[in-house]
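Coordinates as given in entry.txt (compact mmCIF, C-alpha atoms and all ligand atoms):
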```
# COMPACT_ATOMS: atom_id res chain seq x y z
CA MET A 1 -71.37 -33.13 -8.41
CA LYS A 2 -71.53 -29.47 -7.50
CA LEU A 3 -67.89 -29.55 -6.52
CA SER A 4 -66.77 -31.18 -9.77
CA ILE A 5 -68.63 -28.59 -11.86
CA LEU A 6 -67.05 -25.92 -9.78
CA LEU A 7 -63.61 -27.51 -10.15
CA SER A 8 -63.89 -27.89 -13.91
CA LEU A 9 -65.11 -24.30 -14.21
CA PHE A 10 -62.17 -23.21 -12.14
CA ALA A 11 -59.78 -25.26 -14.29
CA THR A 12 -61.14 -23.81 -17.55
CA THR A 13 -60.96 -20.22 -16.35
CA SER A 14 -57.50 -20.52 -14.88
CA VAL A 15 -56.10 -22.18 -18.03
CA ALA A 16 -57.51 -19.35 -20.15
CA GLN A 17 -56.06 -16.81 -17.77
CA VAL A 18 -52.65 -18.48 -17.69
CA ILE A 19 -52.43 -18.53 -21.51
CA LYS A 20 -53.38 -14.87 -21.67
CA ARG A 21 -51.19 -13.78 -18.80
CA ASP A 22 -48.13 -15.49 -20.24
CA ALA A 23 -48.28 -13.85 -23.64
CA SER A 24 -45.99 -10.91 -24.14
CA SER A 25 -44.76 -9.15 -27.30
CA ASN A 26 -41.92 -6.78 -28.03
CA LEU A 27 -43.16 -4.26 -30.50
CA ARG A 28 -41.76 -1.18 -32.22
CA ILE A 29 -44.23 1.49 -33.35
CA MET A 30 -43.13 4.34 -35.61
CA ASN A 31 -45.33 7.22 -36.74
CA TRP A 32 -44.33 9.91 -39.20
CA ASN A 33 -46.00 12.81 -40.95
CA LEU A 34 -44.35 12.47 -44.36
CA ARG A 35 -45.43 15.80 -45.85
CA ASN A 36 -47.67 15.39 -48.86
CA ASP A 37 -46.40 15.17 -52.41
CA GLY A 38 -46.39 18.94 -52.72
CA LYS A 39 -43.99 19.01 -55.68
CA PRO A 40 -45.35 16.20 -57.82
CA ASN A 41 -43.57 14.90 -60.93
CA ASP A 42 -43.64 11.76 -63.06
CA ILE A 43 -40.27 10.40 -62.01
CA THR A 44 -40.38 6.68 -61.33
CA ILE A 45 -38.75 4.92 -58.39
CA ASP A 46 -36.25 3.27 -60.76
CA GLU A 47 -35.28 6.63 -62.25
CA THR A 48 -34.69 8.08 -58.77
CA ILE A 49 -32.52 5.13 -57.81
CA ASN A 50 -30.53 5.31 -61.06
CA ASN A 51 -29.86 9.01 -60.49
CA LEU A 52 -28.42 8.64 -56.99
CA PRO A 53 -24.74 9.72 -56.83
CA LYS A 54 -22.61 6.63 -57.38
CA ASN A 55 -19.55 7.81 -55.49
CA VAL A 56 -19.13 8.70 -51.85
CA PRO A 57 -17.77 12.29 -51.74
CA ASN A 58 -14.72 13.51 -49.84
CA ASP A 59 -15.25 15.91 -46.93
CA GLU A 60 -14.39 18.98 -48.97
CA ASN A 61 -17.18 18.18 -51.42
CA VAL A 62 -19.90 18.13 -48.78
CA SER A 63 -21.66 21.25 -47.50
CA PHE A 64 -23.13 20.28 -44.17
CA TYR A 65 -26.72 21.19 -43.25
CA THR A 66 -27.26 23.66 -46.06
CA ASP A 67 -29.98 22.02 -48.15
CA TYR A 68 -33.07 22.74 -46.04
CA GLU A 69 -35.65 23.56 -48.71
CA GLU A 70 -38.44 21.14 -49.50
CA ALA A 71 -37.37 18.49 -51.99
CA PRO A 72 -39.92 16.66 -54.16
CA TRP A 73 -41.32 13.39 -52.83
CA SER A 74 -39.61 11.60 -55.69
CA ASP A 75 -36.26 12.55 -54.09
CA ARG A 76 -37.38 12.11 -50.46
CA ARG A 77 -38.90 8.65 -50.80
CA ILE A 78 -35.66 6.66 -50.86
CA GLY A 79 -34.44 8.26 -47.64
CA VAL A 80 -37.87 7.88 -46.04
CA ALA A 81 -37.99 4.17 -46.90
CA ASN A 82 -34.41 3.66 -45.65
CA GLU A 83 -35.24 5.41 -42.39
CA VAL A 84 -38.20 3.09 -41.87
CA LEU A 85 -36.36 -0.07 -42.92
CA PHE A 86 -33.36 0.75 -40.74
CA ASN A 87 -35.55 1.46 -37.70
CA SER A 88 -37.40 -1.76 -38.48
CA PRO A 89 -40.74 -1.03 -36.80
CA ASP A 90 -43.50 -3.64 -36.60
CA VAL A 91 -46.13 -0.98 -37.23
CA PHE A 92 -45.42 2.16 -39.25
CA THR A 93 -48.08 4.83 -39.54
CA VAL A 94 -48.02 7.85 -41.82
CA ASN A 95 -49.81 11.16 -42.09
CA GLU A 96 -50.34 13.38 -45.14
CA ALA A 97 -49.34 10.71 -47.66
CA LEU A 98 -51.14 10.96 -51.00
CA HIS A 99 -51.98 7.89 -53.09
CA ARG A 100 -48.67 7.93 -54.95
CA GLN A 101 -46.77 8.11 -51.66
CA VAL A 102 -48.53 5.20 -49.96
CA GLU A 103 -48.11 3.10 -53.10
CA ASP A 104 -44.41 4.01 -53.38
CA LEU A 105 -43.82 2.97 -49.78
CA LYS A 106 -45.74 -0.24 -50.24
CA GLU A 107 -43.25 -1.05 -53.00
CA LEU A 108 -40.13 0.22 -51.21
CA LEU A 109 -40.96 -1.34 -47.83
CA GLY A 110 -42.57 -4.47 -49.23
CA TRP A 111 -45.33 -4.14 -46.61
CA PRO A 112 -49.10 -3.91 -46.92
CA TYR A 113 -50.97 -0.87 -45.66
CA ILE A 114 -54.45 -0.09 -44.44
CA GLY A 115 -56.11 3.24 -45.04
CA VAL A 116 -58.07 5.27 -47.56
CA GLY A 117 -57.87 8.72 -49.14
CA ARG A 118 -59.68 11.01 -46.73
CA ASP A 119 -61.46 13.13 -49.37
CA ASP A 120 -63.63 10.32 -50.77
CA GLY A 121 -62.83 7.14 -48.86
CA GLY A 122 -61.12 5.95 -52.06
CA GLU A 123 -57.86 7.21 -53.51
CA SER A 124 -58.40 10.94 -53.25
CA GLY A 125 -56.70 13.07 -50.60
CA GLU A 126 -54.22 12.25 -47.87
CA TYR A 127 -54.10 8.82 -46.21
CA GLU A 128 -53.57 8.14 -42.50
CA ALA A 129 -52.15 4.79 -43.54
CA ILE A 130 -50.99 2.00 -41.24
CA TYR A 131 -48.25 -0.31 -42.59
CA TYR A 132 -47.35 -3.47 -40.75
CA ASN A 133 -44.75 -6.18 -40.91
CA PRO A 134 -46.76 -9.15 -42.21
CA SER A 135 -44.23 -11.71 -41.00
CA LYS A 136 -44.82 -10.58 -37.40
CA LEU A 137 -48.42 -9.34 -37.32
CA ASN A 138 -51.82 -10.51 -38.55
CA LEU A 139 -54.42 -7.89 -39.30
CA ILE A 140 -57.68 -8.96 -37.65
CA SER A 141 -59.91 -6.00 -38.48
CA ASN A 142 -59.72 -2.43 -39.68
CA ASP A 143 -61.91 0.64 -39.94
CA THR A 144 -61.93 4.27 -41.03
CA PHE A 145 -63.99 7.09 -39.56
CA TRP A 146 -63.98 10.83 -40.17
CA LEU A 147 -62.98 13.33 -37.52
CA SER A 148 -66.08 15.43 -38.04
CA ASP A 149 -69.68 15.68 -36.89
CA LYS A 150 -70.55 13.11 -39.61
CA PRO A 151 -68.03 10.40 -38.75
CA PHE A 152 -69.42 7.66 -41.01
CA GLU A 153 -68.97 9.51 -44.29
CA PRO A 154 -66.17 11.47 -45.93
CA SER A 155 -66.79 14.85 -44.35
CA LYS A 156 -65.24 18.00 -42.98
CA TYR A 157 -65.89 19.43 -39.52
CA PRO A 158 -67.59 22.84 -39.91
CA GLY A 159 -64.86 25.49 -40.07
CA ALA A 160 -62.00 23.01 -40.46
CA GLY A 161 -59.38 23.43 -43.17
CA TYR A 162 -59.60 19.89 -44.53
CA TYR A 163 -61.36 16.55 -44.42
CA ARG A 164 -59.77 14.54 -41.59
CA ASP A 165 -60.01 10.85 -40.80
CA ALA A 166 -58.76 8.12 -38.52
CA THR A 167 -57.59 4.61 -39.40
CA VAL A 168 -58.16 1.84 -36.85
CA CYS A 169 -56.49 -1.60 -36.92
CA LEU A 170 -56.67 -4.58 -34.58
CA PHE A 171 -53.47 -6.61 -34.86
CA GLU A 172 -52.31 -9.88 -33.43
CA ASP A 173 -48.73 -11.06 -32.96
CA SER A 174 -48.75 -14.19 -35.12
CA SER A 175 -46.25 -15.95 -32.84
CA ASN A 176 -48.28 -15.77 -29.62
CA GLY A 177 -51.69 -14.20 -30.25
CA VAL A 178 -51.04 -10.98 -28.30
CA GLN A 179 -53.45 -8.35 -29.62
CA PHE A 180 -53.53 -4.58 -29.64
CA VAL A 181 -55.42 -1.79 -31.38
CA ILE A 182 -53.76 1.12 -33.11
CA ILE A 183 -55.53 4.29 -34.23
CA ASN A 184 -53.78 6.75 -36.57
CA VAL A 185 -55.05 10.33 -36.79
CA HIS A 186 -54.16 13.71 -38.22
CA LEU A 187 -56.06 16.57 -36.60
CA ASP A 188 -56.84 19.80 -38.40
CA ASP A 189 -54.19 22.49 -38.72
CA GLU A 190 -56.65 25.40 -38.88
CA SER A 191 -59.51 24.78 -36.48
CA ASP A 192 -58.98 24.34 -32.75
CA ASP A 193 -62.67 23.41 -32.48
CA GLN A 194 -62.09 20.53 -34.89
CA ARG A 195 -59.06 19.39 -32.89
CA LYS A 196 -61.07 19.36 -29.66
CA TYR A 197 -63.99 17.50 -31.25
CA ALA A 198 -61.65 15.07 -32.98
CA ALA A 199 -59.66 14.38 -29.81
CA ALA A 200 -62.88 13.64 -27.92
CA LEU A 201 -64.28 11.47 -30.74
CA VAL A 202 -61.09 9.43 -30.99
CA LYS A 203 -60.84 9.08 -27.25
CA TYR A 204 -64.44 7.85 -27.12
CA ARG A 205 -63.63 5.28 -29.80
CA ALA A 206 -60.45 4.26 -27.95
CA GLY A 207 -62.58 3.68 -24.83
CA TYR A 208 -64.87 1.43 -26.85
CA GLU A 209 -61.99 -0.58 -28.34
CA TYR A 210 -60.45 -1.05 -24.90
CA GLN A 211 -63.70 -2.14 -23.30
CA ASP A 212 -64.78 -4.32 -26.23
CA LYS A 213 -61.49 -6.12 -26.89
CA HIS A 214 -59.68 -6.00 -23.53
CA VAL A 215 -56.40 -5.22 -25.26
CA PRO A 216 -54.07 -2.20 -25.15
CA VAL A 217 -55.05 0.66 -27.45
CA PHE A 218 -52.45 2.98 -28.96
CA LEU A 219 -53.29 6.31 -30.54
CA VAL A 220 -50.70 7.90 -32.80
CA GLY A 221 -50.33 10.74 -35.27
CA ASP A 222 -50.00 14.45 -35.89
CA PHE A 223 -52.27 16.34 -33.47
CA ASN A 224 -51.37 19.86 -34.64
CA SER A 225 -51.60 20.52 -30.91
CA GLN A 226 -48.73 21.35 -28.59
CA THR A 227 -48.53 20.20 -24.98
CA SER A 228 -48.93 23.80 -23.79
CA GLY A 229 -49.94 27.20 -25.15
CA LYS A 230 -52.91 28.33 -27.20
CA SER A 231 -53.49 25.21 -29.32
CA CYS A 232 -52.94 22.57 -26.63
CA ALA A 233 -56.63 21.68 -26.05
CA ALA A 234 -56.52 18.50 -28.16
CA TYR A 235 -53.48 17.25 -26.23
CA GLU A 236 -55.19 18.09 -22.95
CA ILE A 237 -58.45 16.37 -23.91
CA THR A 238 -56.51 13.31 -25.04
CA THR A 239 -54.48 13.07 -21.85
CA GLY A 240 -57.43 13.94 -19.61
CA SER A 241 -56.49 17.32 -18.16
CA LEU A 242 -59.35 18.99 -20.07
CA ASP A 243 -62.93 17.72 -20.27
CA PHE A 244 -65.06 17.56 -23.38
CA ASP A 245 -68.81 17.04 -23.11
CA VAL A 246 -69.37 13.76 -24.98
CA SER A 247 -73.06 14.58 -25.44
CA LYS A 248 -71.84 17.04 -28.12
CA LEU A 249 -70.41 14.17 -30.20
CA ASN A 250 -72.37 12.63 -33.07
CA THR A 251 -74.97 10.43 -31.38
CA THR A 252 -74.97 7.76 -34.10
CA PHE A 253 -71.29 7.33 -33.26
CA THR A 254 -71.68 7.38 -29.48
CA GLU A 255 -74.57 4.87 -29.71
CA LYS A 256 -72.60 2.50 -31.96
CA TYR A 257 -69.46 2.69 -29.82
CA LYS A 258 -71.19 3.06 -26.47
CA ASN A 259 -68.78 2.55 -23.57
CA ASP A 260 -68.22 3.53 -19.97
CA LEU A 261 -64.63 4.50 -20.63
CA SER A 262 -65.11 7.61 -22.76
CA LYS A 263 -62.75 9.24 -20.27
CA ILE A 264 -60.19 6.47 -20.74
CA SER A 265 -56.74 7.64 -19.72
CA LEU A 266 -54.42 8.03 -22.69
CA ASN A 267 -50.79 8.32 -21.71
CA ASP A 268 -48.15 10.23 -23.67
CA LEU A 269 -45.53 7.53 -24.33
CA MET A 270 -42.69 10.05 -24.18
CA LYS A 271 -43.71 10.80 -20.60
CA ALA A 272 -44.43 7.13 -19.85
CA ALA A 273 -40.82 6.28 -20.76
CA ALA A 274 -38.42 6.43 -17.82
CA PRO A 275 -36.14 9.50 -18.09
CA LYS A 276 -33.13 7.32 -18.96
CA ASP A 277 -35.14 5.66 -21.75
CA ARG A 278 -36.01 8.88 -23.61
CA MET A 279 -33.69 9.68 -26.48
CA GLY A 280 -33.41 11.65 -29.67
CA HIS A 281 -34.99 14.92 -30.65
CA HIS A 282 -37.61 16.84 -28.70
CA ALA A 283 -39.39 18.58 -31.58
CA THR A 284 -41.37 16.51 -34.08
CA PHE A 285 -42.21 19.43 -36.38
CA THR A 286 -39.27 21.31 -37.85
CA GLY A 287 -40.60 22.86 -41.04
CA PHE A 288 -38.30 23.18 -44.05
CA LYS A 289 -36.15 25.76 -42.35
CA SER A 290 -32.56 26.49 -41.53
CA ASP A 291 -33.48 27.70 -38.04
CA THR A 292 -35.46 26.35 -35.10
CA SER A 293 -38.18 29.04 -35.03
CA SER A 294 -41.05 26.64 -35.79
CA PHE A 295 -39.82 23.60 -33.86
CA SER A 296 -42.47 21.96 -31.68
CA ARG A 297 -43.69 18.60 -30.42
CA ILE A 298 -47.06 17.90 -32.06
CA ASP A 299 -46.70 14.25 -33.17
CA PHE A 300 -47.44 11.75 -30.43
CA GLN A 301 -48.01 8.19 -29.40
CA PHE A 302 -50.47 7.57 -26.57
CA GLY A 303 -51.32 4.32 -24.79
CA SER A 304 -54.45 3.28 -22.90
CA ASP A 305 -54.20 2.49 -19.19
CA PRO A 306 -50.97 0.48 -18.74
CA HIS A 307 -52.56 -1.52 -15.91
CA ASN A 308 -55.67 -3.61 -15.54
CA GLY A 309 -55.86 -3.96 -11.78
CA ASP A 310 -52.56 -5.56 -10.80
CA LYS A 311 -51.80 -6.71 -14.30
CA LEU A 312 -49.32 -4.82 -16.47
CA LEU A 313 -50.65 -4.45 -20.05
CA TRP A 314 -47.82 -2.50 -21.64
CA GLU A 315 -44.68 -0.61 -20.83
CA VAL A 316 -42.34 1.64 -22.81
CA VAL A 317 -38.86 0.21 -23.24
CA ARG A 318 -37.50 3.24 -25.09
CA TYR A 319 -38.80 6.40 -26.74
CA LYS A 320 -36.99 8.14 -29.59
CA GLY A 321 -37.61 11.42 -31.36
CA GLY A 322 -36.27 10.34 -34.74
CA ASP A 323 -34.39 12.08 -37.56
CA ASN A 324 -35.57 13.93 -40.65
CA TRP A 325 -32.37 15.70 -41.79
CA TYR A 326 -28.87 14.34 -42.21
CA ASP A 327 -25.81 16.54 -42.58
CA ASP A 328 -25.14 16.09 -46.31
CA SER A 329 -28.73 15.80 -47.50
CA PHE A 330 -32.17 17.45 -47.54
CA TYR A 331 -35.11 17.21 -45.14
CA LEU A 332 -36.91 13.88 -45.58
CA SER A 333 -40.09 15.58 -44.32
CA ASP A 334 -40.98 18.70 -42.35
CA HIS A 335 -41.76 16.36 -39.44
CA ARG A 336 -39.62 13.86 -37.59
CA PRO A 337 -40.76 10.34 -36.84
CA VAL A 338 -41.61 9.17 -33.32
CA ILE A 339 -40.41 5.67 -32.47
CA THR A 340 -41.19 3.60 -29.37
CA ASP A 341 -40.24 0.14 -28.24
CA LEU A 342 -42.95 -1.44 -26.15
CA ILE A 343 -43.69 -4.62 -24.30
CA ILE A 344 -47.33 -5.53 -24.71
CA LYS A 345 -49.14 -8.19 -22.69
CA ASN A 346 -52.58 -9.76 -22.91
C1 LIG B 1 -14.43 18.57 -54.69
O1 LIG B 1 -13.96 19.79 -54.14
C2 LIG B 1 -12.76 20.25 -54.75
C3 LIG B 1 -12.27 21.46 -53.93
O2 LIG B 1 -13.29 22.42 -53.78
C4 LIG B 1 -13.00 20.57 -56.22
O3 LIG B 1 -11.80 21.00 -56.85
C5 LIG B 1 -13.51 19.32 -56.92
O4 LIG B 1 -13.87 19.61 -58.26
C6 LIG B 1 -14.70 18.75 -56.18
N1 LIG B 1 -15.05 17.46 -56.75
C7 LIG B 1 -16.30 17.12 -57.02
C8 LIG B 1 -16.52 15.74 -57.55
O5 LIG B 1 -17.24 17.88 -56.84
C1 LIG B 2 -60.58 -3.70 -43.87
O1 LIG B 2 -61.92 -3.65 -43.41
C2 LIG B 2 -62.88 -3.69 -44.46
C3 LIG B 2 -64.24 -3.44 -43.82
O2 LIG B 2 -64.48 -4.37 -42.79
C4 LIG B 2 -62.79 -5.01 -45.18
O3 LIG B 2 -63.71 -5.05 -46.26
C5 LIG B 2 -61.38 -5.17 -45.73
O4 LIG B 2 -61.22 -6.44 -46.30
C6 LIG B 2 -60.34 -4.99 -44.61
N1 LIG B 2 -59.02 -4.98 -45.20
C7 LIG B 2 -58.14 -5.93 -44.97
C8 LIG B 2 -56.83 -5.82 -45.68
O5 LIG B 2 -58.35 -6.85 -44.19
C1 LIG B 3 -74.07 11.65 -37.34
O1 LIG B 3 -73.33 10.99 -38.34
C2 LIG B 3 -74.14 10.38 -39.31
C3 LIG B 3 -73.23 9.52 -40.21
O2 LIG B 3 -72.07 10.18 -40.63
C4 LIG B 3 -74.90 11.41 -40.09
O3 LIG B 3 -75.73 10.80 -41.06
C5 LIG B 3 -75.76 12.19 -39.09
O4 LIG B 3 -76.43 13.26 -39.77
C6 LIG B 3 -74.93 12.75 -37.97
N1 LIG B 3 -75.78 13.31 -36.95
C7 LIG B 3 -75.85 14.62 -36.73
C8 LIG B 3 -76.82 15.06 -35.65
O5 LIG B 3 -75.16 15.42 -37.34
```
Would it be possible to restate this file's structure as structure tokens?
Ligand SMILES: *[C@@H]1O[C@H](CO)[C@@H](O)[C@H](O)[C@H]1NC(C)=O
Ligand SMILES: *[C@@H]1O[C@H](CO)[C@@H](O)[C@H](O)[C@H]1NC(C)=O
Ligand SMILES: *[C@@H]1O[C@H](CO)[C@@H](O)[C@H](O)[C@H]1NC(C)=O
Amino acid sequence: MKLSILLSLFATTSVAQVIKRDASSNLRIMNWNLRNDGKPNDITIDETINNLPKNVPNDENVSFYTDYEEAPWSDRRIGVANEVLFNSPDVFTVNEALHRQVEDLKELLGWPYIGVGRDDGGESGEYEAIYYNPSKLNLISNDTFWLSDKPFEPSKYPGAGYYRDATVCLFEDSSNGVQFVIINVHLDDESDDQRKYAAALVKYRAGYEYQDKHVPVFLVGDFNSQTSGKSCAAYEITTGSLDFDVSKLNTTFTEKYKNDLSKISLNDLMKAAAPKDRMGHHATFTGFKSDTSSFSRIDFQFGSDPHNGDKLLWEVVRYKGGDNWYDDSFYLSDHRPVITDLIIKN
């Protein structure tokens, strides 16, 4: 009797474990700060498409890498959409996109997105939107919180330049049930205190998601924080080389998302990629400039602990610093995309 109960328990657990251990997904994640619609106009997508040059020019009619000034979103959007479609990510996250921009991309990509305008939780202000390929992924749940001392309401951290928020999605590969969480953020450009607080808040939430769902957690976006120098604190808090006292975080938030992993390790996927698997550009911010004076790496993808004991949860297949300027055209954004291929296991 005892033995049979024990045996059936053993059978049930091991079946569950086998199903989970066997599931593995190949996934491409792309994040890109698109630059907001800073030169708005009323030009429709159809008008832009109809105005594209019909003929391919000869060499002598091209001036290479000369058109570096910011072009309106209405001109940039076709190239942005092509860049995304060609790279064919499964998840595509954006920063700085205003309502018109997220709606344009929904139409041009044919994909749904999750996210809200950060100024009111509706359609006002920039979105940290998350698009996903609906033929590969199911959205299981989603959430927004603000990167401020009042995380549950549209709010601005004291002294920050802007309202800032984070979008959280739990996805499942519809072919095999493999799940993962992705969090998309844009930290403040003006306040280092906001960036530190935001990095700690997001890391705390990532710890909760990891502990609650037992699935890999990926954190992506524009951190406005370099990996070294005077504004690197957010990067260092995220990756664990600098501590932040979590008792300073909003206690409603830390109670709701209580976890033992608030110091969860978050790994820079560029570094997690083997040297031979890193490709493309180094800088992710270029500005709209003809020179490299403002180039820096401030857009990142981070992954939670790649191991659970002996078990491998994810690995980077390839990392690419993507393109934002082609030789006969204009900058698609003042940032470049970051693209990773991953294997994710549950
Ligand atoms: C291409 O360049 C040539 C030589 O500068 C010029 O004569 C011609 O008009 C240009 N054609 C177009 C379509 O711009
Ligand atoms: C996102 O989450 C909200 C809050 O739980 C929910 O009302 C909404 O339906 C979700 N959106 C999608 C597309 O599932
Ligand atoms: C924590 O956040 C909640 C919800 O955004 C807010 O109502 C509360 O005042 C905050 N707590 C403190 C101490 O600021």
How close does chain A get to ligand LIG 3 (chain B)? List, as a tab-separated table, each residue of chain A within 8 Å, its nearest atom pair and the distance in Å to one decimal, counting only C-alpha atoms and all ligand atoms.
```
residue	atom	partner	partner_atom	distance
A:Asp149	CA	B:LIG3	O5	5.5
A:Lys150	CA	B:LIG3	O2	3.5
A:Pro151	CA	B:LIG3	O2	4.5
A:Phe152	CA	B:LIG3	O2	3.7
A:Glu153	CA	B:LIG3	O2	4.8
A:Ser155	CA	B:LIG3	O2	8.0
A:Asn250	CA	B:LIG3	C1	4.7
A:Thr251	CA	B:LIG3	C1	6.1
A:Thr252	CA	B:LIG3	C1	5.1
A:Phe253	CA	B:LIG3	C1	6.6
```
Would you mind exporting C-alpha atoms of the selected residues as a PDB file, in the frame of the given file?
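Generated file (out_36.pdb):
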```pdb
ATOM      1  CA  ASP A 149     -69.680  15.680 -36.890  1.00  0.00           C
ATOM      2  CA  LYS A 150     -70.550  13.110 -39.610  1.00  0.00           C
ATOM      3  CA  PRO A 151     -68.030  10.400 -38.750  1.00  0.00           C
ATOM      4  CA  PHE A 152     -69.420   7.660 -41.010  1.00  0.00           C
ATOM      5  CA  GLU A 153     -68.970   9.510 -44.290  1.00  0.00           C
ATOM      6  CA  SER A 155     -66.790  14.850 -44.350  1.00  0.00           C
ATOM      7  CA  ASN A 250     -72.370  12.630 -33.070  1.00  0.00           C
ATOM      8  CA  THR A 251     -74.970  10.430 -31.380  1.00  0.00           C
ATOM      9  CA  THR A 252     -74.970   7.760 -34.100  1.00  0.00           C
ATOM     10  CA  PHE A 253     -71.290   7.330 -33.260  1.00  0.00           C
TER      11      PHE A 253
END
```
Write out, as a Markdown table, each residue of chain A that has an atom at most 8 Å from ligand LIG 1 (chain B), together with the closest pair of atoms and their distance in Å to one decimal, counting only C-alpha atoms and all ligand atoms, rows going by chain and rising number.
```
| residue | atom | partner | partner_atom | distance |
| --- | --- | --- | --- | --- |
| A:Pro57 | CA | B:LIG1 | C8 | 6.9 |
| A:Asn58 | CA | B:LIG1 | C1 | 7.0 |
| A:Glu60 | CA | B:LIG1 | O1 | 5.3 |
| A:Asn61 | CA | B:LIG1 | C1 | 4.3 |
```
Mind giving me the straight-line distance from atom CA of Glu103 of chain A to atom CA of Leu219 of chain A in Å, one decimal? 23.4 Å
Taking 5 positions as the minimum chain separation for residues in the same chain, which residues sit within 7 Å of segment 196-209 of chain A when counting only C-alpha atoms? Answer as a PyMOL selection string. chain A and resi 147-148+187+217+233-234+237-238+244+249+257-259+261-262+264
Deliver the residues from the most recent selection as a file, using C-alpha atoms, as an mmCIF file, keeping the file's coordinate frame.
```cif
data_model
loop_
_atom_site.group_PDB
_atom_site.id
_atom_site.type_symbol
_atom_site.label_atom_id
_atom_site.label_comp_id
_atom_site.auth_asym_id
_atom_site.auth_seq_id
_atom_site.Cartn_x
_atom_site.Cartn_y
_atom_site.Cartn_z
ATOM 1 C CA LEU A 147 -62.980 13.330 -37.520
ATOM 2 C CA SER A 148 -66.080 15.430 -38.040
ATOM 3 C CA LEU A 187 -56.060 16.570 -36.600
ATOM 4 C CA VAL A 217 -55.050 0.660 -27.450
ATOM 5 C CA ALA A 233 -56.630 21.680 -26.050
ATOM 6 C CA ALA A 234 -56.520 18.500 -28.160
ATOM 7 C CA ILE A 237 -58.450 16.370 -23.910
ATOM 8 C CA THR A 238 -56.510 13.310 -25.040
ATOM 9 C CA PHE A 244 -65.060 17.560 -23.380
ATOM 10 C CA LEU A 249 -70.410 14.170 -30.200
ATOM 11 C CA TYR A 257 -69.460 2.690 -29.820
ATOM 12 C CA LYS A 258 -71.190 3.060 -26.470
ATOM 13 C CA ASN A 259 -68.780 2.550 -23.570
ATOM 14 C CA LEU A 261 -64.630 4.500 -20.630
ATOM 15 C CA SER A 262 -65.110 7.610 -22.760
ATOM 16 C CA ILE A 264 -60.190 6.470 -20.740
#
```
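With only C-alpha atoms and all ligand atoms as the atoms that count, the minimum distance from ligand LIG 2 (chain B) to the choices A:Asp46, A:Glu128, A:Asp245, A:Asp143 is reached by A:Asp143.
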Where is the centre and how long are the edges: axis-aligned box on segment 114-120 of chain A, 3 Å on each side, Å to one decimal, as JSON:
```
{"center_x": -59.0, "center_y": 6.5, "center_z": -47.6, "size_x": 15.2, "size_y": 19.2, "size_z": 12.3}
```
Could the residues that lie within 7 Å of ligand LIG 2 (chain B), counting all atoms listed in the file, be listed as a PyMOL selection string? chain A and resi 114+139-143
Would you save the residues of that selection, restricted to C-alpha atoms, as an mmCIF file, in the coordinates of the input?
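Dumped everything to again-v7.cif:
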```
data_model
loop_
_atom_site.group_PDB
_atom_site.id
_atom_site.type_symbol
_atom_site.label_atom_id
_atom_site.label_comp_id
_atom_site.auth_asym_id
_atom_site.auth_seq_id
_atom_site.Cartn_x
_atom_site.Cartn_y
_atom_site.Cartn_z
ATOM 1 C CA ILE A 114 -54.450 -0.090 -44.440
ATOM 2 C CA LEU A 139 -54.420 -7.890 -39.300
ATOM 3 C CA ILE A 140 -57.680 -8.960 -37.650
ATOM 4 C CA SER A 141 -59.910 -6.000 -38.480
ATOM 5 C CA ASN A 142 -59.720 -2.430 -39.680
ATOM 6 C CA ASP A 143 -61.910 0.640 -39.940
#
```
Please indicate the distance in Å from atom CA of Ser228 of chain A to atom CA of Ser296 of chain A, rounded to one decimal place.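 Separation between atom CA of Ser228 of chain A and atom CA of Ser296 of chain A: 10.4 Å.
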Can you work out the spacing between atom CA of Val80 of chain A and atom CA of Tyr331 of chain A in Å, to one decimal?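 Spanning atom CA of Val80 of chain A to atom CA of Tyr331 of chain A is a straight-line distance of 9.8 Å.
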Which residues of segment 32-76 of chain A sit at most 12 Å from segment 317-325 of chain A, using all atoms listed in the file? Give each one's shortest atom pair and distance in Å (one decimal place), in chain and ascending residue order, as a Markdown table.
```
| residue | atom | partner | partner_atom | distance |
| --- | --- | --- | --- | --- |
| A:Trp32 | CA | A:Gly322 | CA | 9.2 |
| A:Asn33 | CA | A:Asn324 | CA | 10.5 |
| A:Leu34 | CA | A:Asn324 | CA | 9.6 |
| A:Arg35 | CA | A:Asn324 | CA | 11.3 |
| A:Phe64 | CA | A:Trp325 | CA | 10.6 |
| A:Tyr65 | CA | A:Trp325 | CA | 8.0 |
| A:Thr66 | CA | A:Trp325 | CA | 10.4 |
| A:Asp67 | CA | A:Trp325 | CA | 9.3 |
| A:Tyr68 | CA | A:Trp325 | CA | 8.3 |
| A:Glu69 | CA | A:Trp325 | CA | 11.0 |
| A:Glu70 | CA | A:Trp325 | CA | 11.2 |
| A:Ala71 | CA | A:Trp325 | CA | 11.7 |
| A:Arg76 | CA | A:Asn324 | CA | 10.1 |
```
Counting all atoms listed in the file, the residue of A:Ile298, A:Cys232, A:Ile49, A:Leu85 that sits nearest His186 of chain A: A:Ile298
Neighbouring residues of Phe171 of chain A were defined as those with any atom within 10 Å, considering all atoms listed in the file; residues of the same chain fewer than 3 positions away were excluded. Please report them as a ChimeraX atom specification. /A:91,132,136-142,168,174,177-182
Write out as a list in words the residues lying within 8 Å of segment 265-269 of chain A, counting only C-alpha atoms and excluding same-chain residues fewer than 2 positions away.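 These residues fall inside the cut-off: Lys203, Thr238, Thr239, Gly240, Lys263, Lys271, Ala272, Ala273, Phe300, Gln301, Phe302, Gly303, Ser304, Asp305, Val316, Tyr319 and Thr340 of chain A.
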Taking all atoms listed in the file into account, which of A:Pro275, A:Pro158, A:Gly287, A:Pro337 comes nearest Thr93 of chain A?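 For Thr93 of chain A, the nearest of the given residues is A:Pro337.
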